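A.B. asks: Input: one structure, supplied below.
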Amino acid sequence: MSVTVDERVTDEVEALEAILMDDVVIKRVGDVPDIIETVVHPSTGDDIDQQFVCVTLEVKLTPGYPDTSPEVTLRNPRGLDDELLATINSQIREKLNDCLGQPVVFELIELIRENLTESNLPSGQCVICLYGFTEGDVFIKTQCYHHFHSHCLASHLIAGKKYYQEELEKLPNWQQMQAPPYQQTCPVCRCPVSCDVETLNTAPPPVDSITAPPFCLTDELKDLQLKMATLLAEQVAKGGVVGMGDTGPPPLTITTPADNDDEATNGTSSGSQDVNKVDATRNGSSSNDNSSPGSPSSRPVYHGPYRGFNRRGKPARRGRSAR
Amino acid sequence: MAALPRRIIKETQRLMQEPVPGISAVPSETNARYFHVIVTGPEDSPFEGGLFKLELFLPEDYPMSAPKVRFITKIYHPNIDRLGRICLDILKDKWSPALQIRTVLLSIQALLSAPNPDDPLANDVAELWKVNESEAIRNAKEWTRRYAMDN
Ligand SMILES: [Zn+2]
Ligand SMILES: [Zn+2]
């Protein structure tokens with residue numbers, strides 16, 4: 001062999017390969033180590049699911065290394081912004097100066113890892129609360145690589161299970177027995193997930209949602225509200241509003257959650273028959289007598305949800321008892 | 001009533017700042033969970049030219065449960081019943097908190113473009129839509145003209 005490799009370099013490369021194993025790539029020119037490459041992750045123990053950022057570290061050894069500095073490049077940053085990359089790069093330059101004369105790759109990996117661990121936050125926002133991920137937030141990455149605040153995902157999973165049980169109880173006994181068990185799903189892609197809701201639910205609500213400014217009515221909004229009221233009054237005036245021409249008790253408008261408990265507002269294919277049954281009983285025995293399609297009723301007697309709207313310019317809030 | 005959740009505030013702001021074409025949604029002056037909505041009838045549908053008023057209510061546990069939506073303006077459509085109730089899976093069992101007011105209203109607008117008489121809520125309308133589509137469409141246009149247009 002014509003080229004002798006510095007013993008300090010040989011030792012360092014050996015140690016890197018022994019410790020990082022498959023996670024490090026040593027490119028050699030002949031027998032001489034030339035480029036050392038490894039992907040650096042934040043330290044999260046063995047919990048890969050909690051790693052939201054990473055970057056590839058490439059160290060090109062110079063002929064005089066370690067008495068001269070190697071050329072260091074960061075490639076393929078994931079979840080890191082430019083500002084943080086610049087910070088890490090300047091820390092790297094400092095470290096290279098401090099470590100002249102001794103192997104530096106382990107030091108570099110450690111330096112980058114510390115930075116990543118501090119900034120281990122996913123980019124984008126949590127689709128459940130519409131806020132981003134900030135310092136102090138507790139969040140989780142699902143098996144399908146979607147990020148949520150733990151608090152938000154817990155609320156979703158608890159609500160999902162409640163809905164499942166409510167629907168199940170509507171089924172006859174024999175169908176309940178056959179129903180598939182409750183399966184947690186991801187809000188974004190509906191993939192099955194398995195999370196410990198109890199633990200998630202102990203997480204605090206997202207930081208940004210707590211500090212966000214409260215709701216205020218803008219002039220623009222007030223303007224739009226006025227336009228809406230005008231349009232509605234026009235439609236009421238010409239009998240174009242649901243419930244007009246019906247002789248039965250008026251349907252309820254939706255203004256409180258309680259209104260929806262027995263008012264199946266959102267019908268689906270499975271629920272539609274029940275919905276129609278309710279109508280039939282409400283409007284007397286003949287359900288179609290005054291609303292046959294194709295012949296809009298000519299009697300503009302309005303009993304609908306917006307009685308009083310045109311007068312006061314806003315929806316009348318009424319209880320369940322129809323007057 | 002508890003303070004309005006920040007998500008609802010955010011959605012409201014975004015609806016104002018980046019309105020969806022053909023859709024406007026404005027919270028009521030008395031109840032920020034209650035939205036007045038107007039959906040314009042999609043082009044090349046029997047509802048073209050119509051301005052359809054809807055009401056949308058965000059229940060207490062929104063976005064964990066779906067908004068309650070229905071048409072206020074009369075509309076002749078196989079998936080919308082006489083009381084304006086809408087047959088749409090994302091409003092019921094396919095709801096996900098990843099959906100928003102805007103996505104719900106877009107889906108409703110899409111439903112106007114693509115009525116589905118095989119999954120009816122208004123059975124008599126759906127029946128006619130299946131056996132005599134051209135007559136059904138004529139009815140839909142007539143209702144639109146009569147109830148949902150400025151004249
Ligand atoms: Zn969240
Ligand atoms: Zn997912």
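Chain labels run A, B, ... following the order of the structure tokens; each chain numbers its residues from 1, and ligands are numbered from 1 in the order shown.
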Enumerate as a list in words the residues within 8 Å of ligand 1, counting only C-alpha atoms and all ligand atoms.
C.D. replies: Gln125, Cys126, Val127, Ile128, Cys129, Leu130, Tyr131, Gly132, Phe133, Phe148, His149, Ser150, His151, Cys152, Leu153, Pro205 and Pro206 of chain A
A.B. asks: Return as a ChimeraX atom specification the full set of residues in range 54-222 of chain A whose backbone-based DSSP assignment is alpha helix (DSSP H).
C.D. replies: /A:82-98,105-118,150-170,173-178,197-200,207-211,219-222
A.B. asks: Let me see if you get this right: every residue at most 10 Å from ligand 2, counting only C-alpha atoms and all ligand atoms, written as number ranges by chain.
C.D. replies: A: 141-148, 185-193
A.B. asks: Those residues with N, CA, C and O atoms, as a PDB file, in the first residue's frame please?
C.D. replies:
ATOM      1  N   LYS A 141     -47.329  11.447  16.206  1.00  0.00           N
ATOM      2  CA  LYS A 141     -47.354  11.073  14.792  1.00  0.00           C
ATOM      3  C   LYS A 141     -48.010   9.702  14.701  1.00  0.00           C
ATOM      4  O   LYS A 141     -47.611   8.787  15.401  1.00  0.00           O
ATOM      5  N   THR A 142     -49.052   9.585  13.874  1.00  0.00           N
ATOM      6  CA  THR A 142     -49.725   8.288  13.750  1.00  0.00           C
ATOM      7  C   THR A 142     -48.886   7.349  12.880  1.00  0.00           C
ATOM      8  O   THR A 142     -47.929   7.769  12.234  1.00  0.00           O
ATOM      9  N   GLN A 143     -49.318   6.097  12.839  1.00  0.00           N
ATOM     10  CA  GLN A 143     -48.630   5.114  11.998  1.00  0.00           C
ATOM     11  C   GLN A 143     -48.666   5.540  10.529  1.00  0.00           C
ATOM     12  O   GLN A 143     -47.830   5.150   9.745  1.00  0.00           O
ATOM     13  N   CYS A 144     -49.668   6.343  10.161  1.00  0.00           N
ATOM     14  CA  CYS A 144     -49.806   6.799   8.770  1.00  0.00           C
ATOM     15  C   CYS A 144     -49.092   8.129   8.535  1.00  0.00           C
ATOM     16  O   CYS A 144     -49.314   8.782   7.527  1.00  0.00           O
ATOM     17  N   TYR A 145     -48.239   8.535   9.485  1.00  0.00           N
ATOM     18  CA  TYR A 145     -47.418   9.746   9.361  1.00  0.00           C
ATOM     19  C   TYR A 145     -48.227  11.024   9.328  1.00  0.00           C
ATOM     20  O   TYR A 145     -47.877  11.988   8.651  1.00  0.00           O
ATOM     21  N   HIS A 146     -49.329  11.070  10.055  1.00  0.00           N
ATOM     22  CA  HIS A 146     -50.045  12.332  10.235  1.00  0.00           C
ATOM     23  C   HIS A 146     -49.846  12.820  11.670  1.00  0.00           C
ATOM     24  O   HIS A 146     -49.793  12.017  12.588  1.00  0.00           O
ATOM     25  N   HIS A 147     -49.724  14.126  11.777  1.00  0.00           N
ATOM     26  CA  HIS A 147     -49.410  14.729  13.079  1.00  0.00           C
ATOM     27  C   HIS A 147     -50.632  15.396  13.706  1.00  0.00           C
ATOM     28  O   HIS A 147     -51.377  16.085  13.021  1.00  0.00           O
ATOM     29  N   PHE A 148     -50.807  15.197  14.984  1.00  0.00           N
ATOM     30  CA  PHE A 148     -51.878  15.880  15.721  1.00  0.00           C
ATOM     31  C   PHE A 148     -51.366  16.245  17.102  1.00  0.00           C
ATOM     32  O   PHE A 148     -50.498  15.561  17.635  1.00  0.00           O
ATOM     33  N   THR A 185     -59.673   5.548  13.979  1.00  0.00           N
ATOM     34  CA  THR A 185     -59.169   5.893  12.649  1.00  0.00           C
ATOM     35  C   THR A 185     -58.509   7.270  12.662  1.00  0.00           C
ATOM     36  O   THR A 185     -58.822   8.119  13.494  1.00  0.00           O
ATOM     37  N   CYS A 186     -57.621   7.446  11.701  1.00  0.00           N
ATOM     38  CA  CYS A 186     -56.943   8.735  11.526  1.00  0.00           C
ATOM     39  C   CYS A 186     -57.941   9.733  10.926  1.00  0.00           C
ATOM     40  O   CYS A 186     -58.616   9.418   9.956  1.00  0.00           O
ATOM     41  N   PRO A 187     -58.038  10.948  11.472  1.00  0.00           N
ATOM     42  CA  PRO A 187     -58.980  11.935  10.937  1.00  0.00           C
ATOM     43  C   PRO A 187     -58.668  12.335   9.495  1.00  0.00           C
ATOM     44  O   PRO A 187     -59.563  12.713   8.761  1.00  0.00           O
ATOM     45  N   VAL A 188     -57.404  12.241   9.102  1.00  0.00           N
ATOM     46  CA  VAL A 188     -57.035  12.712   7.770  1.00  0.00           C
ATOM     47  C   VAL A 188     -57.270  11.638   6.714  1.00  0.00           C
ATOM     48  O   VAL A 188     -57.927  11.889   5.707  1.00  0.00           O
ATOM     49  N   CYS A 189     -56.753  10.430   6.933  1.00  0.00           N
ATOM     50  CA  CYS A 189     -56.795   9.418   5.874  1.00  0.00           C
ATOM     51  C   CYS A 189     -57.695   8.246   6.233  1.00  0.00           C
ATOM     52  O   CYS A 189     -57.848   7.338   5.436  1.00  0.00           O
ATOM     53  N   ARG A 190     -58.301   8.251   7.401  1.00  0.00           N
ATOM     54  CA  ARG A 190     -59.185   7.194   7.880  1.00  0.00           C
ATOM     55  C   ARG A 190     -58.493   5.836   8.024  1.00  0.00           C
ATOM     56  O   ARG A 190     -59.157   4.805   8.120  1.00  0.00           O
ATOM     57  N   CYS A 191     -57.174   5.811   7.992  1.00  0.00           N
ATOM     58  CA  CYS A 191     -56.448   4.566   8.250  1.00  0.00           C
ATOM     59  C   CYS A 191     -56.695   4.159   9.710  1.00  0.00           C
ATOM     60  O   CYS A 191     -56.831   5.011  10.574  1.00  0.00           O
ATOM     61  N   PRO A 192     -56.731   2.833   9.962  1.00  0.00           N
ATOM     62  CA  PRO A 192     -56.848   2.418  11.358  1.00  0.00           C
ATOM     63  C   PRO A 192     -55.613   2.861  12.146  1.00  0.00           C
ATOM     64  O   PRO A 192     -54.494   2.807  11.630  1.00  0.00           O
ATOM     65  N   VAL A 193     -55.830   3.329  13.343  1.00  0.00           N
ATOM     66  CA  VAL A 193     -54.705   3.662  14.223  1.00  0.00           C
ATOM     67  C   VAL A 193     -54.960   2.980  15.559  1.00  0.00           C
ATOM     68  O   VAL A 193     -56.072   2.534  15.837  1.00  0.00           O
TER      69      VAL A 193
END
A.B. asks: Which residue, A:Ile19, A:Ala154, A:Leu61, A:Ile112, has the smallest gap to chain B when you use only C-alpha atoms?
C.D. replies: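 Of A:Ile19, A:Ala154, A:Leu61, A:Ile112, the one nearest chain B is A:Ala154, counting only C-alpha atoms.
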A.B. asks: Give me, as a tab-separated table, the closest atom pair and its distance (Å, one decimal) for every residue of chain B within a cut-off of 7 Å of chain A, counting only C-alpha atoms, rows sorted by chain and rising number.
C.D. replies:
residue	atom	partner	partner_atom	distance
B:Arg6	CA	A:Ser209	CA	6.0
B:Arg7	CA	A:Cys129	CA	5.3
B:Ile9	CA	A:Phe215	CA	5.8
B:Val26	CA	A:Gln225	CA	6.2
B:Ser28	CA	A:Gln225	CA	6.9
B:Tyr34	CA	A:Thr255	CA	6.6
B:His36	CA	A:Met228	CA	6.8
B:Phe57	CA	A:Ile254	CA	6.4
B:Pro59	CA	A:Pro257	CA	5.4
B:Glu60	CA	A:Pro257	CA	6.4
B:Met64	CA	A:His156	CA	5.7
B:Lys68	CA	A:Thr265	CA	6.3
B:Val69	CA	A:Asn266	CA	6.9
B:Ile72	CA	A:Val241	CA	5.4
B:Thr73	CA	A:Val241	CA	4.4
B:Lys74	CA	A:Val242	CA	5.1
B:Arg82	CA	A:Val242	CA	6.7
B:Leu83	CA	A:Val242	CA	5.5
B:Gly84	CA	A:Val242	CA	6.3
B:Arg85	CA	A:Thr265	CA	5.7
B:Ile86	CA	A:Asn266	CA	5.7
B:Cys87	CA	A:Thr268	CA	4.7
B:Leu88	CA	A:Thr268	CA	5.9
B:Asp89	CA	A:Thr268	CA	6.0
B:Leu91	CA	A:Asn266	CA	6.0
B:Lys92	CA	A:Asn266	CA	6.5
B:Ser96	CA	A:Pro187	CA	5.4
B:Pro97	CA	A:Ile128	CA	5.4
B:Ala98	CA	A:Val127	CA	5.1
B:Asp119	CA	A:Ser269	CA	5.7
B:Pro120	CA	A:Ser269	CA	6.6
B:Leu121	CA	A:Ser272	CA	5.5
B:Val125	CA	A:Pro293	CA	6.5
B:Asn139	CA	A:Gly294	CA	5.4
B:Tyr147	CA	A:Gly240	CA	4.3
B:Ala148	CA	A:Gly240	CA	7.0
